[in-house]
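Student: Contents of structure_27.cif (mmCIF, C-alpha atoms):
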data_data
loop_
_atom_site.group_PDB
_atom_site.id
_atom_site.type_symbol
_atom_site.label_atom_id
_atom_site.label_comp_id
_atom_site.auth_asym_id
_atom_site.auth_seq_id
_atom_site.Cartn_x
_atom_site.Cartn_y
_atom_site.Cartn_z
ATOM 1 C CA MET A 5 -65.232 19.826 -37.301
ATOM 2 C CA THR A 6 -61.572 19.440 -36.494
ATOM 3 C CA VAL A 7 -59.211 19.199 -39.453
ATOM 4 C CA THR A 8 -56.447 16.848 -38.442
ATOM 5 C CA PRO A 9 -52.997 16.784 -40.048
ATOM 6 C CA VAL A 10 -52.044 13.309 -41.265
ATOM 7 C CA ARG A 11 -49.066 13.169 -38.913
ATOM 8 C CA ASP A 12 -51.437 13.604 -35.925
ATOM 9 C CA LEU A 13 -54.120 11.245 -37.154
ATOM 10 C CA LYS A 14 -52.583 8.161 -35.551
ATOM 11 C CA ARG A 15 -52.573 9.887 -32.187
ATOM 12 C CA VAL A 16 -56.141 11.259 -32.356
ATOM 13 C CA LEU A 17 -57.864 8.342 -34.096
ATOM 14 C CA PRO A 18 -60.317 6.998 -31.503
ATOM 15 C CA ARG A 19 -59.397 3.649 -29.952
ATOM 16 C CA THR A 20 -62.896 2.464 -30.841
ATOM 17 C CA TYR A 21 -61.722 1.829 -34.421
ATOM 18 C CA CYS A 22 -61.257 -1.926 -34.806
ATOM 19 C CA HIS A 23 -58.797 -1.767 -37.707
ATOM 20 C CA ARG A 24 -56.735 1.319 -36.977
ATOM 21 C CA ARG A 25 -53.726 0.385 -39.090
ATOM 22 C CA GLU A 26 -55.856 -0.220 -42.205
ATOM 23 C CA VAL A 27 -57.814 3.005 -41.649
ATOM 24 C CA LEU A 28 -54.631 5.052 -41.340
ATOM 25 C CA SER A 29 -53.079 3.364 -44.373
ATOM 26 C CA GLU A 30 -56.097 4.005 -46.598
ATOM 27 C CA ILE A 31 -56.440 7.608 -45.485
ATOM 28 C CA SER A 32 -52.742 8.238 -46.169
ATOM 29 C CA THR A 33 -53.044 6.664 -49.621
ATOM 30 C CA VAL A 34 -56.092 8.750 -50.522
ATOM 31 C CA LEU A 35 -54.554 11.986 -49.239
ATOM 32 C CA SER A 36 -51.424 11.402 -51.293
ATOM 33 C CA GLN A 37 -53.560 11.149 -54.442
ATOM 34 C CA HIS A 38 -56.306 13.671 -53.626
ATOM 35 C CA GLN A 39 -54.741 16.787 -52.123
ATOM 36 C CA SER A 40 -58.108 18.577 -52.000
ATOM 37 C CA LEU A 41 -59.341 16.211 -49.274
ATOM 38 C CA GLN A 42 -58.505 16.623 -45.586
ATOM 39 C CA PRO A 43 -58.879 14.244 -42.658
ATOM 40 C CA VAL A 44 -61.347 15.376 -40.013
ATOM 41 C CA LEU A 45 -62.417 14.137 -36.620
ATOM 42 C CA ASP A 46 -65.933 15.082 -35.608
ATOM 43 C CA ARG A 47 -69.108 13.967 -33.928
ATOM 44 C CA PHE A 48 -71.368 12.123 -36.378
ATOM 45 C CA VAL A 49 -75.066 11.658 -35.624
ATOM 46 C CA PHE A 50 -76.601 8.544 -37.166
ATOM 47 C CA ASN A 51 -80.202 8.350 -38.390
ATOM 48 C CA ASP A 52 -81.234 6.591 -35.173
ATOM 49 C CA GLY A 53 -79.991 9.552 -33.112
ATOM 50 C CA THR A 54 -76.835 7.936 -31.726
ATOM 51 C CA ALA A 55 -73.673 9.990 -31.972
ATOM 52 C CA ARG A 56 -70.082 8.817 -32.320
ATOM 53 C CA THR A 57 -66.757 10.527 -32.894
ATOM 54 C CA LEU A 58 -65.717 9.444 -36.374
ATOM 55 C CA VAL A 59 -62.838 10.136 -38.682
ATOM 56 C CA GLY A 60 -63.662 11.303 -42.144
ATOM 57 C CA LEU A 61 -62.374 12.949 -45.263
ATOM 58 C CA THR A 62 -63.809 16.245 -46.381
ATOM 59 C CA GLY A 63 -63.046 18.498 -49.301
ATOM 60 C CA THR A 64 -63.613 18.268 -53.016
ATOM 61 C CA ILE A 65 -63.217 15.717 -55.741
ATOM 62 C CA LYS A 66 -62.496 16.855 -59.291
ATOM 63 C CA VAL A 67 -65.111 15.769 -61.798
ATOM 64 C CA PHE A 68 -65.103 16.398 -65.529
ATOM 65 C CA TYR A 69 -68.599 16.910 -66.848
ATOM 66 C CA GLU A 70 -69.243 16.957 -70.547
ATOM 67 C CA GLU A 71 -72.620 17.886 -71.971
ATOM 68 C CA CYS A 72 -72.842 16.089 -75.220
ATOM 69 C CA SER A 73 -75.819 16.101 -77.555
ATOM 70 C CA ASN A 74 -74.532 12.925 -79.149
ATOM 71 C CA GLN A 75 -75.999 9.824 -77.476
ATOM 72 C CA ASN A 76 -72.692 8.025 -77.920
ATOM 73 C CA THR A 77 -70.530 9.778 -75.334
ATOM 74 C CA SER A 78 -67.428 7.989 -76.593
ATOM 75 C CA THR A 79 -67.549 10.249 -79.663
ATOM 76 C CA CYS A 80 -67.790 13.519 -77.709
ATOM 77 C CA CYS A 81 -65.130 16.096 -78.304
ATOM 78 C CA GLY A 82 -63.521 15.659 -74.868
ATOM 79 C CA SER A 83 -63.720 19.298 -73.854
ATOM 80 C CA GLY A 84 -65.548 18.739 -70.569
ATOM 81 C CA LYS A 85 -65.596 21.277 -67.779
ATOM 82 C CA ARG A 86 -63.951 20.523 -64.464
ATOM 83 C CA TYR A 87 -66.064 20.863 -61.348
ATOM 84 C CA ASN A 88 -65.023 20.470 -57.741
ATOM 85 C CA ILE A 89 -67.718 18.485 -55.961
ATOM 86 C CA PRO A 90 -67.649 19.021 -52.168
ATOM 87 C CA VAL A 91 -67.952 15.733 -50.296
ATOM 88 C CA SER A 92 -67.654 14.208 -46.836
ATOM 89 C CA LEU A 93 -66.737 10.559 -46.399
ATOM 90 C CA TRP A 94 -67.284 9.233 -42.865
ATOM 91 C CA LEU A 95 -65.587 6.033 -41.735
ATOM 92 C CA LYS A 96 -67.516 3.964 -39.239
ATOM 93 C CA GLU A 97 -65.569 2.302 -36.451
ATOM 94 C CA SER A 98 -65.816 -1.043 -38.264
ATOM 95 C CA TYR A 99 -64.250 0.392 -41.433
ATOM 96 C CA PRO A 100 -62.915 -1.122 -43.778
ATOM 97 C CA ARG A 101 -65.232 -4.074 -43.067
ATOM 98 C CA THR A 102 -68.188 -1.729 -43.632
ATOM 99 C CA ALA A 103 -68.720 0.961 -46.244
ATOM 100 C CA PRO A 104 -68.212 4.626 -45.441
ATOM 101 C CA ILE A 105 -71.160 6.988 -45.114
ATOM 102 C CA CYS A 106 -70.840 9.544 -47.892
ATOM 103 C CA TYR A 107 -72.443 12.909 -48.587
ATOM 104 C CA VAL A 108 -72.178 15.702 -51.095
ATOM 105 C CA LYS A 109 -71.854 18.955 -49.138
ATOM 106 C CA PRO A 110 -73.186 21.874 -51.175
ATOM 107 C CA THR A 111 -71.855 25.361 -50.555
ATOM 108 C CA PRO A 112 -74.467 28.112 -49.926
ATOM 109 C CA GLU A 113 -74.727 28.854 -53.637
ATOM 110 C CA MET A 114 -75.332 25.203 -54.565
ATOM 111 C CA VAL A 115 -78.358 22.939 -54.404
ATOM 112 C CA ILE A 116 -78.510 19.157 -54.372
ATOM 113 C CA VAL A 117 -79.798 17.464 -57.494
ATOM 114 C CA ALA A 118 -81.519 14.331 -56.211
ATOM 115 C CA SER A 119 -81.025 11.265 -58.387
ATOM 116 C CA ARG A 120 -80.656 7.541 -57.971
ATOM 117 C CA HIS A 121 -77.106 8.221 -56.733
ATOM 118 C CA VAL A 122 -77.769 11.111 -54.323
ATOM 119 C CA ASN A 123 -80.854 11.632 -52.157
ATOM 120 C CA SER A 124 -82.347 15.016 -51.272
ATOM 121 C CA SER A 125 -80.273 15.120 -48.056
ATOM 122 C CA GLY A 126 -77.060 14.752 -50.047
ATOM 123 C CA GLU A 127 -76.350 11.163 -49.018
ATOM 124 C CA ILE A 128 -74.500 9.320 -51.766
ATOM 125 C CA LEU A 129 -76.222 6.071 -52.725
ATOM 126 C CA MET A 130 -74.257 3.861 -55.074
ATOM 127 C CA PRO A 131 -74.110 0.128 -55.732
ATOM 128 C CA TYR A 132 -70.388 0.315 -54.879
ATOM 129 C CA LEU A 133 -71.344 1.307 -51.323
ATOM 130 C CA ASP A 134 -74.259 -1.152 -51.093
ATOM 131 C CA GLU A 135 -72.076 -4.033 -52.241
ATOM 132 C CA TRP A 136 -69.011 -3.029 -50.205
ATOM 133 C CA THR A 137 -66.672 -5.964 -49.685
ATOM 134 C CA HIS A 138 -63.534 -5.741 -47.578
ATOM 135 C CA MET A 139 -60.371 -6.431 -49.574
ATOM 136 C CA GLN A 140 -62.188 -5.605 -52.837
ATOM 137 C CA CYS A 141 -63.366 -2.077 -52.036
ATOM 138 C CA ASP A 142 -61.410 0.887 -50.703
ATOM 139 C CA LEU A 143 -61.570 4.681 -50.429
ATOM 140 C CA HIS A 144 -59.488 5.380 -53.508
ATOM 141 C CA SER A 145 -61.688 3.155 -55.701
ATOM 142 C CA LEU A 146 -64.811 4.683 -54.168
ATOM 143 C CA ILE A 147 -63.627 8.157 -55.158
ATOM 144 C CA GLN A 148 -62.926 6.939 -58.696
ATOM 145 C CA VAL A 149 -66.466 5.534 -58.918
ATOM 146 C CA MET A 150 -67.867 8.846 -57.642
ATOM 147 C CA LYS A 151 -65.931 10.732 -60.315
ATOM 148 C CA VAL A 152 -67.367 8.546 -63.067
ATOM 149 C CA VAL A 153 -70.948 8.664 -61.760
ATOM 150 C CA PHE A 154 -70.894 12.407 -61.036
ATOM 151 C CA SER A 155 -69.436 13.128 -64.476
ATOM 152 C CA GLU A 156 -72.548 11.515 -65.960
ATOM 153 C CA VAL A 157 -75.107 12.884 -63.469
ATOM 154 C CA PRO A 158 -73.845 15.927 -61.536
ATOM 155 C CA PRO A 159 -75.067 15.805 -57.911
ATOM 156 C CA LEU A 160 -75.096 19.582 -57.436
ATOM 157 C CA ARG A 161 -75.931 22.685 -59.400
ATOM 158 C CA ILE A 162 -75.411 26.371 -58.862
ATOM 159 C CA CYS A 163 -78.397 28.241 -57.484
ATOM 160 C CA LEU A 164 -78.550 31.761 -58.888
ATOM 161 C CA TYR A 165 -80.585 32.993 -55.933
ATOM 162 C CA PRO A 166 -79.352 31.438 -52.661
ATOM 163 C CA LYS A 167 -81.891 30.987 -49.875
ATOM 164 C CA ASP A 168 -79.828 33.119 -47.506
ATOM 165 C CA SER A 169 -81.974 36.217 -47.096
ATOM 166 C CA GLY A 170 -78.966 38.243 -45.980
ATOM 167 C CA SER A 171 -77.184 37.810 -49.274
ATOM 168 C CA ALA A 172 -76.722 40.481 -51.899
ATOM 169 C CA TYR A 173 -78.733 38.427 -54.389
ATOM 170 C CA HIS A 174 -82.242 39.501 -55.285
ATOM 171 C CA LYS A 175 -84.565 37.024 -56.955
ATOM 172 C CA PRO A 176 -86.757 38.999 -59.314
ATOM 173 C CA SER A 177 -90.492 38.386 -59.388
ATOM 174 C CA ALA A 178 -92.276 37.414 -62.589
ATOM 175 C CA GLU A 179 -93.408 41.018 -63.030
ATOM 176 C CA GLU A 180 -89.827 42.238 -62.844
ATOM 177 C CA ILE A 181 -88.587 39.905 -65.558
ATOM 178 C CA SER A 182 -91.558 40.062 -67.912
ATOM 179 C CA HIS A 183 -89.945 42.932 -69.787
ATOM 180 C CA VAL A 184 -86.691 44.833 -69.843
ATOM 181 C CA MET A 185 -86.432 48.581 -70.066
ATOM 182 C CA LEU A 186 -83.497 49.852 -72.064
ATOM 183 C CA ASP A 187 -82.311 53.430 -71.981
ATOM 184 C CA ARG A 188 -80.568 55.079 -74.869
ATOM 185 C CA GLU A 189 -77.516 57.124 -74.202
ATOM 186 C CA ASP A 190 -79.232 60.205 -75.681
ATOM 187 C CA ASP A 191 -82.259 59.788 -73.326
ATOM 188 C CA LEU A 192 -84.663 59.367 -76.240
ATOM 189 C CA PRO A 193 -87.083 56.455 -76.148
ATOM 190 C CA PHE A 194 -86.519 53.521 -78.461
ATOM 191 C CA SER A 195 -88.778 53.515 -81.510
ATOM 192 C CA GLU A 196 -89.936 50.500 -83.433
ATOM 193 C CA HIS A 197 -87.507 51.401 -86.213
ATOM 194 C CA ASN A 198 -84.388 50.810 -84.093
ATOM 195 C CA GLU A 199 -85.531 48.004 -81.771
ATOM 196 C CA THR A 200 -84.101 44.549 -81.985
ATOM 197 C CA ILE A 201 -86.347 41.565 -81.444
ATOM 198 C CA CYS A 202 -84.534 38.783 -79.642
#
Could you show the structure in this file as structure tokens?

Tutor:
Amino acid sequence: MTVTPVRDLKRVLPRTYCHRREVLSEISTVLSQHQSLQPVLDRFVFNDGTARTLVGLTGTIKVFYEECSNQNTSTCCGSGKRYNIPVSLWLKESYPRTAPICYVKPTPEMVIVASRHVNSSGEILMPYLDEWTHMQCDLHSLIQVMKVVFSEVPPLRICLYPKDSGSAYHKPSAEEISHVMLDREDDLPFSEHNETIC
């Protein structure tokens, strides 16, 4: 994946893009408002196996997620936590006449939470993308929709025990977590008179 500075994007944007001026304008607008995204130029392989060099945006979008026990979220206290959701937005050569192809891109310590908005491969599935209409839809609005949707249903979660076998993490077995041994500083065993039941 080649990260491309905005100033070089016009030069490296493939000539196969039908609406180059609009693509460059939208990317510049988004980058001015979302500094955590970067333009990239890379080979994209479609589901049918064909590959094309596409321009995309990769990085994170800031999402505020608020767990609220109250069913009426408008009365929540407003102290949500900010999460940076890693995404990739790929622009097909017919963009902006066609919707971008969008993915959440989990880091090694994250796992995808499949929902009606994100499939198990990380592809983002939203009505905004399905109903994409040129002149009514754009990248900036798409990102705003993602922020709202992901604040309600986070697409990723932290995995305490990453699958990478070379990591320093150790996933304990059921036997290892069935009880906890505590040592006293004076090396005497705990007695039932000074134990705390949790």

Student: Given the file shown, enumerate the residues that the PyMOL selection byres ((chain A and resi 134) around 12) captures and present them as a list in words.

Tutor: Thr102, Ala103, Pro104, Ile105, Cys106, His121, Ile128, Leu129, Met130, Pro131, Tyr132, Leu133, Glu135, Trp136, Thr137, Cys141 and Leu146 of chain A

Student: Convert the current residue selection to file output with C-alpha atoms, as a PDB file, in the frame of the given file.

Tutor:
ATOM      1  CA  THR A 102     -68.188  -1.729 -43.632  1.00  0.00           C
ATOM      2  CA  ALA A 103     -68.720   0.961 -46.244  1.00  0.00           C
ATOM      3  CA  PRO A 104     -68.212   4.626 -45.441  1.00  0.00           C
ATOM      4  CA  ILE A 105     -71.160   6.988 -45.114  1.00  0.00           C
ATOM      5  CA  CYS A 106     -70.840   9.544 -47.892  1.00  0.00           C
ATOM      6  CA  HIS A 121     -77.106   8.221 -56.733  1.00  0.00           C
ATOM      7  CA  ILE A 128     -74.500   9.320 -51.766  1.00  0.00           C
ATOM      8  CA  LEU A 129     -76.222   6.071 -52.725  1.00  0.00           C
ATOM      9  CA  MET A 130     -74.257   3.861 -55.074  1.00  0.00           C
ATOM     10  CA  PRO A 131     -74.110   0.128 -55.732  1.00  0.00           C
ATOM     11  CA  TYR A 132     -70.388   0.315 -54.879  1.00  0.00           C
ATOM     12  CA  LEU A 133     -71.344   1.307 -51.323  1.00  0.00           C
ATOM     13  CA  GLU A 135     -72.076  -4.033 -52.241  1.00  0.00           C
ATOM     14  CA  TRP A 136     -69.011  -3.029 -50.205  1.00  0.00           C
ATOM     15  CA  THR A 137     -66.672  -5.964 -49.685  1.00  0.00           C
ATOM     16  CA  CYS A 141     -63.366  -2.077 -52.036  1.00  0.00           C
ATOM     17  CA  LEU A 146     -64.811   4.683 -54.168  1.00  0.00           C
TER      18      LEU A 146
END

Student: Considering all atoms listed in the file, can you say which of A:Lys66, A:Arg56, A:Arg86, A:Arg19 comes closest to A:Met150?

Tutor: A:Lys66

Student: I'd like the box whose edges run along x, y and z of the file and which contains every listed atom of stretch 124-142 of chain A, padded by 4 Å per side; could you state its centre and edge lengths in Å, one decimal, as lines of an AutoDock Vina configuration file?

Tutor:
center_x = -71.4
center_y = 4.3
center_z = -51.7
size_x = 30.0
size_y = 29.6
size_z = 16.2

Student: How many Å lie between atom CA of A:Arg25 and atom CA of A:Phe50, rounded to one decimal?

Tutor: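 So the two atoms, atom CA of A:Arg25 and atom CA of A:Phe50, lie 24.4 Å apart.
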
Student: Between atom CA of A:Met114 and atom CA of A:Thr33, what is the distance, to one decimal in Å?

Tutor: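 Between atom CA of A:Met114 and atom CA of A:Thr33 the gap works out to 29.4 Å.
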
Student: Point out the residue among A:Pro90, A:Pro112, A:Pro18, A:Pro100 with the least atom-to-atom distance to A:Phe154, counting only C-alpha atoms.

Tutor: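 Among the listed residues, the smallest separation from A:Phe154 belongs to A:Pro90.
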
Student: Return the single residue from A:Leu58, A:Val34, A:Ala118, A:Val27 that is closest to A:Ser145, with distances computed using all atoms listed in the file.

Tutor: A:Val34

Student: Using all atoms listed in the file, find the one residue out of A:Ser92, A:Leu45, A:Thr62, A:Thr54 that sits nearest to A:Arg15.

Tutor: A:Leu45

Student: Have a look at atom CA of A:Thr111 and atom CA of A:Pro158 and let me know their distance in Å, one decimal.

Tutor: 14.6 Å

Student: Extract, using all atoms listed in the file, all DNA, RNA and protein residues at most 10 Å from A:His38, discarding same-chain residues fewer than 6 positions from it, and format them as a VMD selection string.

Tutor: chain A and resid 32 63 to 66 144 147

Student: Pick from A:Ser124, A:Asn88, A:Ser119, A:Gln42: nearest to A:Val157, with only C-alpha atoms counted?

Tutor: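 Closest to A:Val157, using only C-alpha atoms: A:Ser119.
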
Student: Determine the residue membership of the PyMOL selection byres ((chain A and resi 17) around 12) for the file above and supply it as a PyMOL selection string.

Tutor: chain A and resi 6+8-16+18-28+31+43-46+57-60+95-97

Student: Using only C-alpha atoms, collect all residues at a distance of at most 10 Å from (-72.1, 27.3, -53.9) as written in the file, then present them as a list in words.

Tutor: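 Those residues lying close to the given coordinates are Pro90, Lys109, Pro110, Thr111, Pro112, Glu113, Met114, Val115, Leu160, Arg161, Ile162, Cys163, Leu164 and Pro166 of chain A.
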
Student: Around the point (-82.3, 7.7, -41.4), in the coordinates given by the file, pick out the residues reaching within 12 Å, counting all atoms listed in the file, and return them as an MDAnalysis selection string.

Tutor: chainID A and resid 49:54 105 123 125 127

Student: Take the residues that were just selected and, keeping C-alpha atoms, output them as a tab-separated table (two decimals), keeping the file's coordinate frame.

Tutor:
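Saved the output as part17.tsv:
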chain	number	residue	atom	x	y	z
A	49	VAL	CA	-75.07	11.66	-35.62
A	50	PHE	CA	-76.60	8.54	-37.17
A	51	ASN	CA	-80.20	8.35	-38.39
A	52	ASP	CA	-81.23	6.59	-35.17
A	53	GLY	CA	-79.99	9.55	-33.11
A	54	THR	CA	-76.83	7.94	-31.73
A	105	ILE	CA	-71.16	6.99	-45.11
A	123	ASN	CA	-80.85	11.63	-52.16
A	125	SER	CA	-80.27	15.12	-48.06
A	127	GLU	CA	-76.35	11.16	-49.02
